[in-house]
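A.B. asks: Dumping the structure here so I can ask a few things about it.
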Amino acid sequence: LRWQRVVPAQFPGCKARYLKHGTPLDAGSGCTWEEAKAYCSRPELAMQLGGGTWRLPTKIEAESIIDVSRIPAVDPLFDMEPSDPGDPGWEISHVWTISPTPNPNGLKLAWAIDYSEGYSYASARYGAGRVRCVSSASATGGGAPDYAATDNVVTDWNTRLRWQAVTDSQTRTWQEAIQYCETLKLDEGRWRLPTLKELLSIVDARRLSPAAETKLFAFRDGGRGFWTSTSY
């Protein structure tokens with residue numbers, strides 16, 4: 001993936017007003033979801049960024065640059081905070097992705113990323129968000145999931161990770177979860193608690209409660225509240 005490094009203070013073609021500490025900035029300081037898609041496809045932007053085809057990133061692509069060892073949760077190589085003189089910086093709680101959010105109530109939502117702490121959430125498409133465009137060999141953001149399953153294990157051929165297909169109903173503390181995975185006797189494998197990015201790799205942003213392929217993975221309580229090995 002090739003990323004737009006510098007996020008502008010004003011987005012050409014956008015009219016939305018981004019909220020800074022709860023106060024709307026000038027028109028064009030943010031983009032609605034539709035405006036964000038149009039901004040990334042501008043030929044002028046492609047020329048500025050050295051050619052190629054540019055677009056909004058998918059949810060998992062935008063999550064791939066999260067670095068939860070930092071605050072804000074992204075490498076300093078990415079210019080996240082265009083600041084005014086004497087200003088400590090912008091809030092960076094709303095950066096658009098191309099991935100729609102399923103909603104049974106008919107609301108038009110899309111996934112956004114909060115890079116101040118490194119998490120994803122659903123946001124109304126008419127709202128004002130910031131934009132960081134991406135370029136890749138794939139025009140749509142990668143191929144479809146490629147899973148193989150047995151009764152107990154799901155193999156993801158894209159990541160080469162093997163997953164426990166069926167979890168028990170017991171809740172555990174973080175330390176208990178680590179120990180549970182390390183002592184798990186399953187399919188002659190060595191098991192461990194996944195990292196944050198590994199667990200995000202099986203999230204299906206097109207689905208809801210749970211946001212995963214239920215024909216392969218068994219979930220209880222809608223798939224909520226799973227531990228990762230990643231410290232905050």
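Numbering starts fresh at 1 for the residues of each chain in the structure tokens, the chains themselves are lettered A, B, ... in the order given, and ligands are numbered from 1 as they appear.
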List every residue of stretch 78-219 of chain A that DSSP, applied to the backbone of this structure, assigns to strand (DSSP E or B), and report them as a tab-separated table (two decimals) with N, CA and C atoms, in the first residue's frame.

C.D. replies:
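What follows is the written file out_38.tsv:
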chain	number	residue	atom	x	y	z
A	79	ASP	N	1.82	12.41	8.73
A	79	ASP	CA	1.50	13.75	9.23
A	79	ASP	C	0.01	13.77	9.58
A	95	VAL	N	-11.37	9.60	10.72
A	95	VAL	CA	-10.76	9.47	9.40
A	95	VAL	C	-11.53	8.40	8.64
A	96	TRP	N	-12.06	8.75	7.47
A	96	TRP	CA	-12.97	7.88	6.73
A	96	TRP	C	-12.28	6.64	6.16
A	97	THR	N	-13.07	5.53	6.04
A	97	THR	CA	-12.71	4.38	5.22
A	97	THR	C	-13.80	4.21	4.15
A	98	ILE	N	-13.53	3.37	3.16
A	98	ILE	CA	-14.49	3.13	2.09
A	98	ILE	C	-15.54	2.10	2.51
A	99	SER	N	-15.34	1.44	3.66
A	99	SER	CA	-16.17	0.31	4.05
A	99	SER	C	-17.50	0.77	4.67
A	100	PRO	N	-18.63	0.43	4.03
A	100	PRO	CA	-19.92	0.75	4.64
A	100	PRO	C	-20.13	-0.09	5.90
A	101	THR	N	-21.01	0.40	6.76
A	101	THR	CA	-21.38	-0.33	7.96
A	101	THR	C	-22.79	-0.85	7.81
A	109	LEU	N	-24.32	4.46	7.25
A	109	LEU	CA	-23.13	4.59	8.07
A	109	LEU	C	-21.92	4.04	7.32
A	110	ALA	N	-20.73	4.46	7.74
A	110	ALA	CA	-19.49	3.91	7.20
A	110	ALA	C	-18.47	3.84	8.34
A	111	TRP	N	-17.49	2.97	8.17
A	111	TRP	CA	-16.46	2.82	9.20
A	111	TRP	C	-15.50	4.00	9.16
A	112	ALA	N	-15.17	4.51	10.33
A	112	ALA	CA	-14.16	5.55	10.48
A	112	ALA	C	-13.13	5.06	11.50
A	113	ILE	N	-11.95	5.65	11.48
A	113	ILE	CA	-10.86	5.26	12.37
A	113	ILE	C	-10.53	6.43	13.29
A	114	ASP	N	-10.39	6.14	14.56
A	114	ASP	CA	-9.90	7.11	15.53
A	114	ASP	C	-8.42	6.82	15.76
A	119	TYR	N	-8.82	2.91	17.26
A	119	TYR	CA	-9.96	2.00	17.18
A	119	TYR	C	-10.90	2.43	16.05
A	120	SER	N	-11.81	1.53	15.69
A	120	SER	CA	-12.74	1.75	14.58
A	120	SER	C	-14.15	1.93	15.13
A	121	TYR	N	-14.96	2.71	14.42
A	121	TYR	CA	-16.35	2.87	14.85
A	121	TYR	C	-17.20	3.29	13.65
A	122	ALA	N	-18.50	3.12	13.77
A	122	ALA	CA	-19.43	3.48	12.71
A	122	ALA	C	-19.81	4.95	12.81
A	123	SER	N	-19.86	5.63	11.67
A	123	SER	CA	-20.17	7.06	11.66
A	123	SER	C	-21.15	7.36	10.53
A	124	ALA	N	-22.02	8.34	10.75
A	124	ALA	CA	-22.99	8.75	9.73
A	124	ALA	C	-22.26	9.33	8.53
A	129	GLY	N	-15.51	14.22	8.14
A	129	GLY	CA	-14.34	13.47	8.56
A	129	GLY	C	-13.12	13.89	7.78
A	130	ARG	N	-11.97	13.51	8.27
A	130	ARG	CA	-10.73	13.76	7.55
A	130	ARG	C	-10.44	12.58	6.63
A	134	VAL	N	-5.23	6.12	-0.27
A	134	VAL	CA	-4.30	5.01	-0.42
A	134	VAL	C	-4.26	4.59	-1.89
A	135	SER	N	-3.14	4.01	-2.30
A	135	SER	CA	-2.98	3.47	-3.65
A	135	SER	C	-2.45	2.06	-3.54
A	147	TYR	N	-10.76	-19.05	3.18
A	147	TYR	CA	-10.72	-19.87	4.38
A	147	TYR	C	-10.86	-21.35	4.02
A	148	ALA	N	-10.26	-22.18	4.84
A	148	ALA	CA	-10.49	-23.62	4.82
A	148	ALA	C	-10.79	-24.04	6.24
A	149	ALA	N	-11.75	-24.97	6.42
A	149	ALA	CA	-12.20	-25.29	7.76
A	149	ALA	C	-12.29	-26.78	7.99
A	153	VAL	N	-10.83	-26.13	13.48
A	153	VAL	CA	-9.84	-25.13	13.08
A	153	VAL	C	-10.23	-24.49	11.76
A	154	VAL	N	-10.07	-23.17	11.68
A	154	VAL	CA	-10.25	-22.42	10.44
A	154	VAL	C	-8.89	-21.87	10.02
A	155	THR	N	-8.48	-22.16	8.79
A	155	THR	CA	-7.22	-21.66	8.26
A	155	THR	C	-7.49	-20.52	7.30
A	156	ASP	N	-6.82	-19.40	7.50
A	156	ASP	CA	-6.92	-18.24	6.63
A	156	ASP	C	-5.70	-18.27	5.70
A	161	LEU	N	-2.76	-17.78	9.06
A	161	LEU	CA	-3.10	-17.99	10.46
A	161	LEU	C	-4.15	-19.10	10.58
A	162	ARG	N	-4.01	-19.90	11.64
A	162	ARG	CA	-5.00	-20.94	11.97
A	162	ARG	C	-5.75	-20.50	13.21
A	163	TRP	N	-7.09	-20.63	13.16
A	163	TRP	CA	-7.94	-20.10	14.21
A	163	TRP	C	-8.76	-21.21	14.86
A	164	GLN	N	-8.95	-21.06	16.17
A	164	GLN	CA	-9.89	-21.89	16.89
A	164	GLN	C	-11.30	-21.56	16.38
A	166	VAL	N	-14.38	-22.83	17.34
A	166	VAL	CA	-15.47	-22.78	18.32
A	166	VAL	C	-14.88	-22.43	19.68
A	218	ALA	N	-17.83	-19.90	15.25
A	218	ALA	CA	-18.97	-19.93	16.17
A	218	ALA	C	-18.80	-18.86	17.23

A.B. asks: Mind checking which residues fall within 9 Å of A:Glu213, counting only C-alpha atoms, ignoring those fewer than 5 positions away in the same chain, and posting them as a list of chain:residue names?

C.D. replies: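 So, after excluding close chain neighbours, the residues are A:Ile202, A:Val203, A:Asp204, A:Arg207, A:Ala218.
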
A.B. asks: Tell me which protein, DNA and RNA residues are within 12 Å of A:Gly52, counting only C-alpha atoms, leaving out same-chain ones fewer than 4 positions away, and put them as a VMD selection string.

C.D. replies: chain A and resid 1 to 4 40 to 48 133 to 139

A.B. asks: Between atom CA of A:Pro57 and atom CA of A:Leu25, what is the distance, to one decimal in Å?

C.D. replies: 24.4 Å

A.B. asks: Got a sec: who's within 8 Å of A:Gly118, counting only C-alpha atoms, leaving out chain neighbours fewer than 5 positions off, as a PyMOL selection string?

C.D. replies: chain A and resi 63+66-68+72-74+113

A.B. asks: Using the selection just defined, write its residues with N, CA and C atoms as a compact mmCIF listing (two decimals), in the first residue's frame.

C.D. replies:
# COMPACT_ATOMS: atom_id res chain seq x y z
N GLU A 63 -6.82 0.21 9.33
CA GLU A 63 -6.40 -0.35 10.62
C GLU A 63 -4.95 -0.85 10.57
N ILE A 66 -2.41 1.39 12.26
CA ILE A 66 -2.57 1.69 13.68
C ILE A 66 -1.36 1.17 14.45
N ASP A 67 -0.84 1.98 15.34
CA ASP A 67 0.26 1.59 16.21
C ASP A 67 -0.15 1.92 17.64
N VAL A 68 -0.65 0.92 18.36
CA VAL A 68 -1.20 1.19 19.69
C VAL A 68 -0.12 1.38 20.75
N PRO A 72 -0.60 9.94 19.50
CA PRO A 72 -1.63 9.24 18.74
C PRO A 72 -1.12 7.91 18.19
N ALA A 73 -2.06 7.02 17.86
CA ALA A 73 -1.74 5.63 17.54
C ALA A 73 -1.38 5.45 16.07
N VAL A 74 -0.33 6.15 15.64
CA VAL A 74 0.14 6.02 14.27
C VAL A 74 1.59 6.49 14.23
N ILE A 113 -11.95 5.65 11.48
CA ILE A 113 -10.86 5.26 12.37
C ILE A 113 -10.53 6.43 13.29

A.B. asks: Go through A:Gly13, A:Gly106, A:Gly28, A:Pro194 and flag the residue nearest A:Thr230, using only C-alpha atoms for the distances.

C.D. replies: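 Distance minimum relative to A:Thr230 lands on A:Pro194.
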
A.B. asks: Between atom CA of A:Glu182 and atom CA of A:Ala212, what distance in Å does the model show, to one decimal?

C.D. replies: 23.8 Å

A.B. asks: Pick the closest to A:Trp174 from A:Leu199, A:Thr228, A:Trp191, A:Tyr39: which is it, counting only C-alpha atoms?

C.D. replies: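 The answer is A:Thr228, which sits nearest to A:Trp174.
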
A.B. asks: One decimal, in Å: what's the spacing between atom CA of A:Arg224 and atom CA of A:Asp187?

C.D. replies: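 Taking atom CA of A:Arg224 as the start and atom CA of A:Asp187 as the end point, the length is 25.3 Å.
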
A.B. asks: I'd like to know which of A:Val7, A:Ala211, A:Ala128, A:Ile71 is closest to A:Asp26, using only C-alpha atoms.

C.D. replies: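 Closest to A:Asp26 of all the choices is A:Ala128.
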